[in-house]
file query_7.txt (compact mmCIF, C-alpha atoms)
# COMPACT_ATOMS: atom_id res chain seq x y z
CA MET A 1 -12.80 73.66 3.89
CA MET A 2 -15.74 72.76 6.10
CA GLY A 3 -16.24 69.60 4.10
CA ARG A 4 -12.60 68.57 4.61
CA LEU A 5 -12.82 69.26 8.39
CA PHE A 6 -16.01 67.24 8.60
CA GLY A 7 -14.32 64.44 6.73
CA LEU A 8 -11.36 64.55 9.13
CA VAL A 9 -13.63 64.37 12.17
CA LEU A 10 -15.51 61.48 10.61
CA LEU A 11 -12.27 59.66 9.86
CA VAL A 12 -10.98 60.10 13.43
CA THR A 13 -14.29 58.90 14.82
CA ALA A 14 -14.28 55.87 12.54
CA LEU A 15 -10.67 55.11 13.49
CA MET A 16 -11.48 55.35 17.19
CA LEU A 17 -14.42 53.05 16.73
CA ALA A 18 -12.34 50.58 14.72
CA MET A 19 -9.53 50.64 17.27
CA LYS A 20 -12.01 50.36 20.09
CA ILE A 21 -10.46 53.37 21.84
CA GLY A 22 -13.05 55.36 23.71
CA ALA A 23 -12.32 58.70 25.22
CA ASP A 24 -12.50 57.15 28.66
CA PHE A 25 -9.87 54.50 28.07
CA ALA A 26 -6.23 54.99 27.23
CA SER A 27 -4.39 51.76 27.23
CA TYR A 28 -4.08 48.36 28.71
CA GLU A 29 -0.93 46.45 29.34
CA ALA A 30 -0.37 43.12 30.94
CA GLU A 31 2.16 40.35 30.96
CA ARG A 32 1.13 36.73 30.96
CA SER A 33 3.53 33.85 31.11
CA VAL A 34 3.56 31.11 28.50
CA HIS A 35 5.04 27.73 29.34
CA ILE A 36 5.49 25.08 26.73
CA ALA A 37 7.04 21.80 27.76
CA VAL A 38 9.15 20.26 25.04
CA VAL A 39 8.81 16.52 25.53
CA ALA A 40 9.72 13.33 23.73
CA ASP A 41 7.63 12.11 20.80
CA ASP A 42 5.80 9.59 22.99
CA GLN A 43 4.59 12.21 25.48
CA GLU A 44 3.47 15.08 23.33
CA LEU A 45 0.00 16.14 22.28
CA ILE A 46 0.13 14.11 19.11
CA ASP A 47 2.27 11.12 20.10
CA LEU A 48 4.60 9.09 17.92
CA ASP A 49 5.11 6.02 20.04
CA PRO A 50 7.48 3.16 19.04
CA GLN A 51 5.81 -0.27 19.10
CA GLN A 52 8.60 -2.46 17.74
CA PRO A 53 12.29 -2.75 18.59
CA TYR A 54 13.07 -1.45 15.09
CA ALA A 55 11.62 1.89 16.20
CA TYR A 56 12.99 3.82 19.16
CA LEU A 57 13.15 7.25 20.68
CA GLY A 58 16.59 8.84 20.32
CA ASN A 59 18.25 10.85 23.06
CA ASP A 60 16.90 13.90 21.28
CA GLY A 61 13.35 12.67 22.01
CA LYS A 62 12.59 11.99 18.37
CA LEU A 63 11.28 8.77 16.85
CA TYR A 64 13.74 6.82 14.71
CA ILE A 65 13.19 3.73 12.59
CA ASP A 66 16.46 1.88 12.24
CA ILE A 67 16.92 -1.69 11.03
CA SER A 68 20.68 -2.01 11.44
CA GLU A 69 23.34 -2.66 14.05
CA ASN A 70 23.20 1.04 14.97
CA ASN A 71 19.79 0.61 16.60
CA PRO A 72 20.22 0.53 20.42
CA ASN A 73 17.79 -2.43 20.53
CA TYR A 74 20.06 -4.55 18.32
CA ASP A 75 21.68 -7.51 20.08
CA GLU A 76 24.45 -9.78 18.88
CA GLY A 77 23.11 -12.68 16.83
CA LEU A 78 20.01 -10.90 15.62
CA GLY A 79 19.39 -10.02 11.98
CA LYS A 80 21.36 -6.99 10.80
CA GLY A 81 19.06 -5.74 8.07
CA ILE A 82 17.09 -6.86 5.06
CA SER A 83 18.60 -8.60 2.07
CA PRO A 84 18.52 -7.63 -1.61
CA ASP A 85 15.21 -8.31 -3.33
CA SER A 86 13.45 -9.26 -0.11
CA VAL A 87 10.35 -7.54 1.22
CA TYR A 88 9.54 -7.16 4.91
CA ALA A 89 6.39 -5.77 6.45
CA PHE A 90 5.96 -4.94 10.12
CA ASN A 91 2.49 -4.28 11.49
CA CYS A 92 2.32 -1.53 14.03
CA MET A 93 5.83 -0.10 13.79
CA PHE A 94 4.68 2.96 15.75
CA ASN A 95 1.50 4.49 17.09
CA VAL A 96 0.07 7.90 16.37
CA SER A 97 -2.18 8.97 19.21
CA ASN A 98 -4.29 12.03 19.81
CA HIS A 99 -3.86 13.64 23.22
CA LEU A 100 -4.94 17.12 22.25
CA TRP A 101 -6.78 18.78 25.12
CA ASN A 102 -9.70 20.06 23.13
CA GLY A 103 -11.29 16.83 21.94
CA THR A 104 -10.52 17.33 18.25
CA THR A 105 -10.45 14.41 15.84
CA ILE A 106 -7.37 14.75 13.67
CA GLU A 107 -6.54 13.63 10.19
CA VAL A 108 -2.96 12.44 9.95
CA ARG A 109 -0.96 12.14 6.74
CA ILE A 110 2.42 10.43 6.77
CA THR A 111 4.66 10.44 3.73
CA SER A 112 7.80 8.37 3.19
CA SER A 113 10.59 10.02 1.20
CA HIS A 114 11.84 6.66 -0.16
CA SER A 115 10.00 4.64 -2.80
CA LEU A 116 11.12 1.35 -1.18
CA VAL A 117 9.61 2.26 2.19
CA LYS A 118 5.81 2.20 2.35
CA LEU A 119 3.21 2.73 5.03
CA TYR A 120 -0.15 1.20 5.91
CA THR A 121 -2.60 1.00 8.77
CA ASP A 122 -4.97 -1.99 8.55
CA ASN A 123 -4.24 -3.57 5.24
CA LEU A 124 -0.74 -4.41 4.01
CA ASP A 125 -2.04 -4.70 0.43
CA SER A 126 -2.79 -0.99 0.48
CA ALA A 127 0.75 0.00 1.54
CA ASP A 128 1.86 3.17 -0.23
CA ASN A 129 4.32 6.02 0.13
CA THR A 130 1.59 8.10 1.74
CA VAL A 131 -0.94 6.94 4.29
CA THR A 132 -3.85 9.03 5.58
CA PHE A 133 -6.05 8.17 8.55
CA GLN A 134 -8.16 9.72 11.28
CA VAL A 135 -7.45 9.60 15.00
CA PRO A 136 -10.36 10.41 17.36
CA PRO A 137 -9.60 12.08 20.70
CA GLU A 138 -7.76 9.87 23.18
CA SER A 139 -7.32 7.17 20.56
CA SER A 140 -4.36 5.84 18.67
CA VAL A 141 -3.73 4.27 15.28
CA CYS A 142 -0.96 1.78 14.50
CA VAL A 143 1.19 2.50 11.47
CA GLY A 144 2.80 -0.46 9.73
CA MET A 145 5.82 -0.20 7.46
CA GLU A 146 6.94 -2.20 4.45
CA PHE A 147 10.59 -2.28 3.40
CA SER A 148 11.80 -3.59 0.06
CA GLY A 149 15.37 -4.41 -0.89
CA GLN A 150 14.48 -4.53 -4.58
CA GLY A 151 17.45 -3.81 -6.84
CA LEU A 152 19.79 -3.11 -3.93
CA GLU A 153 23.13 -4.67 -3.05
CA PRO A 154 24.69 -5.61 0.30
CA ASP A 155 26.18 -2.69 2.24
CA GLU A 156 23.72 -0.26 0.74
CA VAL A 157 21.48 1.68 3.12
CA ILE A 158 17.92 2.86 2.67
CA ASN A 159 17.82 6.31 4.25
CA GLY A 160 14.92 8.71 4.30
CA THR A 161 12.41 10.64 6.32
CA LEU A 162 8.80 10.30 7.34
CA THR A 163 6.89 13.55 7.15
CA ILE A 164 3.99 13.56 9.57
CA HIS A 165 1.26 16.16 9.14
CA ALA A 166 -1.91 16.42 11.20
CA GLU A 167 -4.85 18.78 11.10
CA PRO A 168 -8.44 18.76 12.34
CA SER A 169 -10.53 16.39 10.27
CA MET B 1 -23.08 49.60 25.62
CA ASN B 2 -22.71 50.10 21.91
CA LYS B 3 -18.99 50.37 22.36
CA ILE B 4 -18.84 47.05 24.18
CA ALA B 5 -20.93 45.38 21.49
CA LEU B 6 -18.64 46.80 18.83
CA LEU B 7 -15.60 45.63 20.78
CA VAL B 8 -16.97 42.09 21.01
CA ILE B 9 -17.93 41.99 17.33
CA PHE B 10 -14.55 43.37 16.32
CA SER B 11 -12.70 40.87 18.52
CA VAL B 12 -14.67 37.95 17.11
CA ALA B 13 -14.05 39.19 13.57
CA LEU B 14 -10.34 39.53 14.28
CA ALA B 15 -10.18 36.03 15.75
CA LEU B 16 -11.95 34.61 12.70
CA VAL B 17 -9.71 36.49 10.26
CA ALA B 18 -6.49 35.65 12.09
CA GLY B 19 -7.61 32.08 12.66
CA VAL B 20 -6.61 32.05 16.30
CA GLY B 21 -9.55 30.23 17.77
CA ALA B 22 -9.08 27.84 20.65
CA ASN B 23 -9.00 25.00 18.13
CA PHE B 24 -6.00 23.00 17.06
CA ARG B 25 -4.88 23.88 13.54
CA MET B 26 -1.93 21.83 12.43
CA PHE B 27 0.96 19.56 13.41
CA ASN B 28 4.07 18.91 11.35
CA ALA B 29 7.08 16.70 12.06
CA GLU B 30 9.82 14.95 10.15
CA ARG B 31 11.38 11.75 11.43
CA GLU B 32 14.21 9.67 9.99
CA PHE B 33 14.42 6.04 9.00
CA SER B 34 17.39 3.92 8.08
CA VAL B 35 17.55 0.33 6.87
CA ALA B 36 20.74 -1.64 6.27
CA VAL B 37 20.82 -3.90 3.24
CA VAL B 38 22.81 -7.03 4.10
CA ALA B 39 23.50 -10.46 2.64
CA ASP B 40 20.96 -13.28 3.03
CA ASP B 41 22.88 -14.89 5.90
CA GLN B 42 22.79 -11.72 8.05
CA GLU B 43 19.27 -10.47 7.62
CA LEU B 44 16.31 -10.67 9.94
CA ILE B 45 14.99 -13.93 8.52
CA ASP B 46 18.25 -15.24 7.21
CA LEU B 47 19.12 -17.92 4.70
CA THR B 48 22.42 -19.53 5.64
CA PRO B 49 24.13 -22.03 3.32
CA ASN B 50 24.95 -25.26 5.14
CA GLN B 51 26.33 -27.36 2.30
CA PRO B 52 28.85 -26.41 -0.41
CA TYR B 53 26.04 -26.66 -2.97
CA ALA B 54 24.58 -23.48 -1.47
CA PHE B 55 26.52 -20.22 -1.19
CA ILE B 56 26.06 -16.49 -0.90
CA ASP B 57 26.66 -14.92 -4.31
CA ASP B 58 28.26 -11.52 -4.96
CA ASP B 59 24.82 -9.90 -4.96
CA GLY B 60 24.27 -11.02 -1.35
CA LYS B 61 21.65 -13.56 -2.33
CA MET B 62 21.87 -17.25 -1.56
CA ILE B 63 22.07 -19.52 -4.57
CA VAL B 64 22.01 -23.32 -4.81
CA ARG B 65 23.99 -24.82 -7.66
CA PHE B 66 24.72 -28.44 -8.40
CA ASP B 67 27.01 -27.61 -11.33
CA THR B 68 30.52 -26.44 -12.17
CA LEU B 69 29.60 -22.74 -11.84
CA ASN B 70 29.23 -23.15 -8.08
CA ARG B 71 32.05 -21.19 -6.44
CA ASN B 72 32.69 -24.18 -4.16
CA TYR B 73 33.06 -26.55 -7.11
CA PRO B 74 36.13 -28.63 -6.22
CA GLY B 75 36.93 -29.76 -9.78
CA TYR B 76 35.00 -33.00 -9.64
CA GLY B 77 31.38 -34.08 -9.40
CA ASN B 78 29.97 -31.92 -12.17
CA GLY B 79 26.30 -32.54 -11.60
CA ILE B 80 23.69 -35.21 -11.25
CA SER B 81 23.24 -38.06 -13.69
CA PRO B 82 20.00 -39.23 -15.33
CA ASP B 83 17.69 -41.55 -13.43
CA THR B 84 19.27 -41.07 -10.05
CA ILE B 85 17.99 -39.87 -6.70
CA TYR B 86 20.11 -37.77 -4.36
CA VAL B 87 19.13 -36.70 -0.90
CA PHE B 88 20.97 -33.84 0.78
CA ASP B 89 20.18 -33.01 4.39
CA LYS B 90 20.33 -29.39 5.46
CA VAL B 91 21.34 -27.70 2.20
CA PHE B 92 20.53 -24.35 3.81
CA CYS B 93 18.91 -23.12 7.00
CA VAL B 94 16.26 -20.49 7.55
CA SER B 95 16.59 -18.76 10.89
CA ASN B 96 14.50 -16.32 12.84
CA GLY B 97 16.65 -13.29 13.70
CA LEU B 98 13.74 -10.94 14.20
CA TRP B 99 14.22 -8.56 17.12
CA ASP B 100 10.75 -8.77 18.55
CA ASN B 101 10.75 -12.32 19.91
CA GLU B 102 8.11 -13.46 17.48
CA THR B 103 7.53 -17.01 16.25
CA ILE B 104 7.20 -17.15 12.48
CA ALA B 105 5.83 -19.59 9.95
CA VAL B 106 7.93 -19.93 6.81
CA ASP B 107 6.56 -21.15 3.53
CA LEU B 108 8.99 -22.43 0.86
CA ARG B 109 7.81 -23.06 -2.67
CA VAL B 110 9.76 -24.59 -5.58
CA SER B 111 9.03 -22.90 -8.92
CA PRO B 112 7.14 -24.95 -11.54
CA SER B 113 10.27 -25.34 -13.69
CA LEU B 114 11.86 -27.41 -10.92
CA GLU B 115 8.82 -29.15 -9.48
CA GLY B 116 9.55 -32.45 -11.22
CA ILE B 117 13.17 -32.63 -10.11
CA ILE B 118 13.47 -31.05 -6.65
CA LYS B 119 11.52 -31.64 -3.49
CA LEU B 120 12.11 -30.17 -0.06
CA TYR B 121 11.94 -31.54 3.45
CA SER B 122 12.80 -30.41 6.95
CA PRO B 123 12.63 -32.15 10.34
CA SER B 124 11.16 -28.86 11.61
CA SER B 125 8.25 -29.10 9.21
CA THR B 126 4.89 -30.49 10.20
CA GLU B 127 4.08 -32.36 6.99
CA ASN B 128 7.40 -32.79 5.14
CA ARG B 129 9.66 -34.05 7.89
CA SER B 130 11.72 -36.65 5.99
CA PRO B 131 12.89 -37.36 2.41
CA ASP B 132 9.95 -39.75 2.03
CA GLU B 133 7.57 -36.86 2.76
CA ALA B 134 9.41 -34.23 0.68
CA GLY B 135 7.23 -31.90 -1.36
CA SER B 136 7.32 -28.94 -3.74
CA THR B 137 6.04 -26.79 -0.92
CA LEU B 138 7.05 -26.87 2.70
CA ILE B 139 5.80 -25.04 5.76
CA THR B 140 7.81 -24.84 8.93
CA VAL B 141 7.43 -22.94 12.19
CA ILE B 142 10.54 -21.20 13.60
CA LYS B 143 10.74 -19.85 17.13
CA PRO B 144 12.82 -16.76 17.98
CA GLY B 145 16.55 -17.47 17.72
CA GLU B 146 15.98 -20.92 16.19
CA ASP B 147 16.32 -22.20 12.66
CA ALA B 148 14.88 -24.77 10.27
CA CYS B 149 17.24 -26.54 7.91
CA ILE B 150 15.98 -27.54 4.50
CA GLY B 151 16.94 -30.77 2.78
CA PHE B 152 16.72 -31.47 -0.95
CA VAL B 153 15.59 -34.61 -2.74
CA ILE B 154 16.79 -34.47 -6.33
CA ASN B 155 15.20 -37.03 -8.59
CA THR B 156 16.36 -37.13 -12.23
CA THR B 157 14.21 -40.05 -13.25
CA GLY B 158 13.29 -39.54 -16.90
CA TYR B 159 15.74 -36.67 -17.42
CA THR B 160 18.52 -36.91 -20.00
CA LYS B 161 22.13 -35.81 -19.74
CA ASP B 162 23.59 -32.53 -21.05
CA ASN B 163 20.60 -30.56 -19.93
CA SER B 164 20.41 -28.01 -17.17
CA TYR B 165 17.42 -27.00 -15.11
CA GLU B 166 16.92 -23.69 -13.39
CA GLY B 167 14.29 -22.25 -11.19
CA THR B 168 13.65 -20.51 -7.91
CA ILE B 169 12.58 -21.26 -4.39
CA THR B 170 10.24 -18.59 -3.02
CA ILE B 171 10.50 -18.13 0.73
CA GLN B 172 7.78 -16.31 2.65
CA GLY B 173 7.72 -15.73 6.37
CA TYR B 174 4.80 -14.44 8.37
CA ARG B 175 3.74 -14.16 11.96
CA PHE B 176 2.67 -17.51 13.36
CA THR B 177 -0.69 -17.27 15.04

call {"tool": "encode", "arguments": {"input": "query_7.txt", "output": "structure tokens"}}
result
Amino acid sequence: MMGRLFGLVLLVTALMLAMKIGADFASYEAERSVHIAVVADDQELIDLDPQQPYAYLGNDGKLYIDISENNPNYDEGLGKGISPDSVYAFNCMFNVSNHLWNGTTIEVRITSSHSLVKLYTDNLDSADNTVTFQVPPESSVCVGMEFSGQGLEPDEVINGTLTIHAEPS
Amino acid sequence: MNKIALLVIFSVALALVAGVGANFRMFNAEREFSVAVVADDQELIDLTPNQPYAFIDDDGKMIVRFDTLNRNYPGYGNGISPDTIYVFDKVFCVSNGLWDNETIAVDLRVSPSLEGIIKLYSPSSTENRSPDEAGSTLITVIKPGEDACIGFVINTTGYTKDNSYEGTITIQGYRFT
């Protein structure tokens, strides 16, 4: 009986220590406001900034790559797309820049969901479905894109997504 | 004092375990792309037939045919005879329909199977401006919104009738610097 009581006292003491609750302090409560601005892709902490007319920011603030008449930058008389079995590469389609406030270098990985759409930074020969690169604080890196019409026919559309992932390097 | 030390140690331990340091951890986003596939005469660097010998085939690709399988074949003039030379101005045109106002250099190359029979020229070219200067390769510079039309010199000297010759012309465009 004494042993069990001692054990209970010990447990309560340990719990109080673990919960940091002293006998002289009961509770603390405070409210702090949190404000997060939701901004367009070219203004956020990690920017996605269009560098070519084929890339633009939609009304929803998101980056779109669109080589067709639906692109708001398309004008009458300009090319309407890519043709079957042709390959186009555009250096610097968009920028990824690092505007984090804490001076962290980030490692960015971008993956294309379509095998005919590839990505590269410096060297077109290394274009692949996934590109990985580092962006130091307050710097930016240009991402180029390669599009292939291999095996396609007119009126087909290459649709897909770019998945952009960043973490501290 | 001990309590404060314990509180600090516990808080640091909790921050480490929960991973909620002041440091940035991760960023994820998905963005869409869309590319229209169009025929050769509508694309960014387009190839537009300018003579009946060139046309856009069902697959959207331009093809040049001097034979009866050409869809513009009028029922006469079935080909080119041995030991003759034909010159056709502006068989097709290459134009710069890029959206970014960029001048391009375009490099055309006749495949080895046709090198002896076809040569190219273009007034827009620097080195192959006329039929006399036609070559198996041709480089031309095209400003935004402009085009370069490509002429053919077909020389069947030494070739015999009832044969057909096929090959390709490879067209490469790149930023002119």

call {"tool": "closest_residue", "arguments": {"input": "query_7.txt", "among": "B:Thr68, B:Asn101, B:Ser124, B:Thr177", "to": "chain A", "atoms": "all atoms listed in the file"}}
result
B:Asn101

call {"tool": "closest_residue", "arguments": {"input": "query_7.txt", "among": "B:Asp57, B:Glu102, B:Glu133, B:Asp83", "to": "Gly145 of chain B", "atoms": "all atoms listed in the file"}}
result
B:Glu102

call {"tool": "interface_residues", "arguments": {"input": "query_7.txt", "of": "chain A", "to": "chain B", "cutoff": "6 Å", "atoms": "only C-alpha atoms", "output": "PyMOL selection string"}}
result
chain A and resi 20+64-68+78-83+153-167

call {"tool": "atom_distance", "arguments": {"input": "query_7.txt", "atom1": "atom CA of Thr168 of chain B", "atom2": "atom CA of Thr137 of chain B"}}
result
12.1 Å

call {"tool": "atom_distance", "arguments": {"input": "query_7.txt", "atom1": "atom CA of Ser97 of chain A", "atom2": "atom CA of Gly61 of chain A"}}
result
16.2 Å

call {"tool": "residues_around", "arguments": {"input": "query_7.txt", "residues": "segment 135-141 of chain A", "least_positions_apart": "6", "cutoff": "6 Å", "atoms": "all atoms listed in the file", "output": "list in words"}}
result
Asn95, Val96, Ser97, Asn98, His99, Gly103, Thr104, Thr105 and Ile106 of chain A

call {"tool": "residues_around", "arguments": {"input": "query_7.txt", "residues": "Leu114 of chain B", "least_positions_apart": "6", "cutoff": "10 Å", "atoms": "only C-alpha atoms", "output": "VMD selection string"}}
result
chain B and resid 136 154 165 to 169

call {"tool": "closest_residue", "arguments": {"input": "query_7.txt", "among": "B:Thr170, B:Gly77, B:Ile142, B:Phe66", "to": "Pro112 of chain B", "atoms": "only C-alpha atoms"}}
result
B:Thr170

call {"tool": "closest_residue", "arguments": {"input": "query_7.txt", "among": "B:Leu120, B:Gln51, B:Pro74, B:Ser81", "to": "Ile150 of chain B", "atoms": "only C-alpha atoms"}}
result
B:Leu120

call {"tool": "atom_distance", "arguments": {"input": "query_7.txt", "atom1": "atom CA of Gly135 of chain B", "atom2": "atom CA of Tyr86 of chain B"}}
result
14.5 Å

call {"tool": "residues_near_point", "arguments": {"input": "query_7.txt", "point": "(9.9, 4.5, 4.0)", "cutoff": "8 Å", "atoms": "all atoms listed in the file", "output": "PyMOL selection string"}}
result
(chain A and resi 111-119+129+145-147+160-162) or (chain B and resi 33)

call {"tool": "closest_residue", "arguments": {"input": "query_7.txt", "among": "B:Gly151, B:Val141, B:Phe55, B:Gly158", "to": "Ile104 of chain B", "atoms": "only C-alpha atoms"}}
result
B:Val141

call {"tool": "closest_residue", "arguments": {"input": "query_7.txt", "among": "B:Tyr159, B:Tyr53, B:Phe92, B:Tyr76", "to": "Ile117 of chain B", "atoms": "all atoms listed in the file"}}
result
B:Tyr159
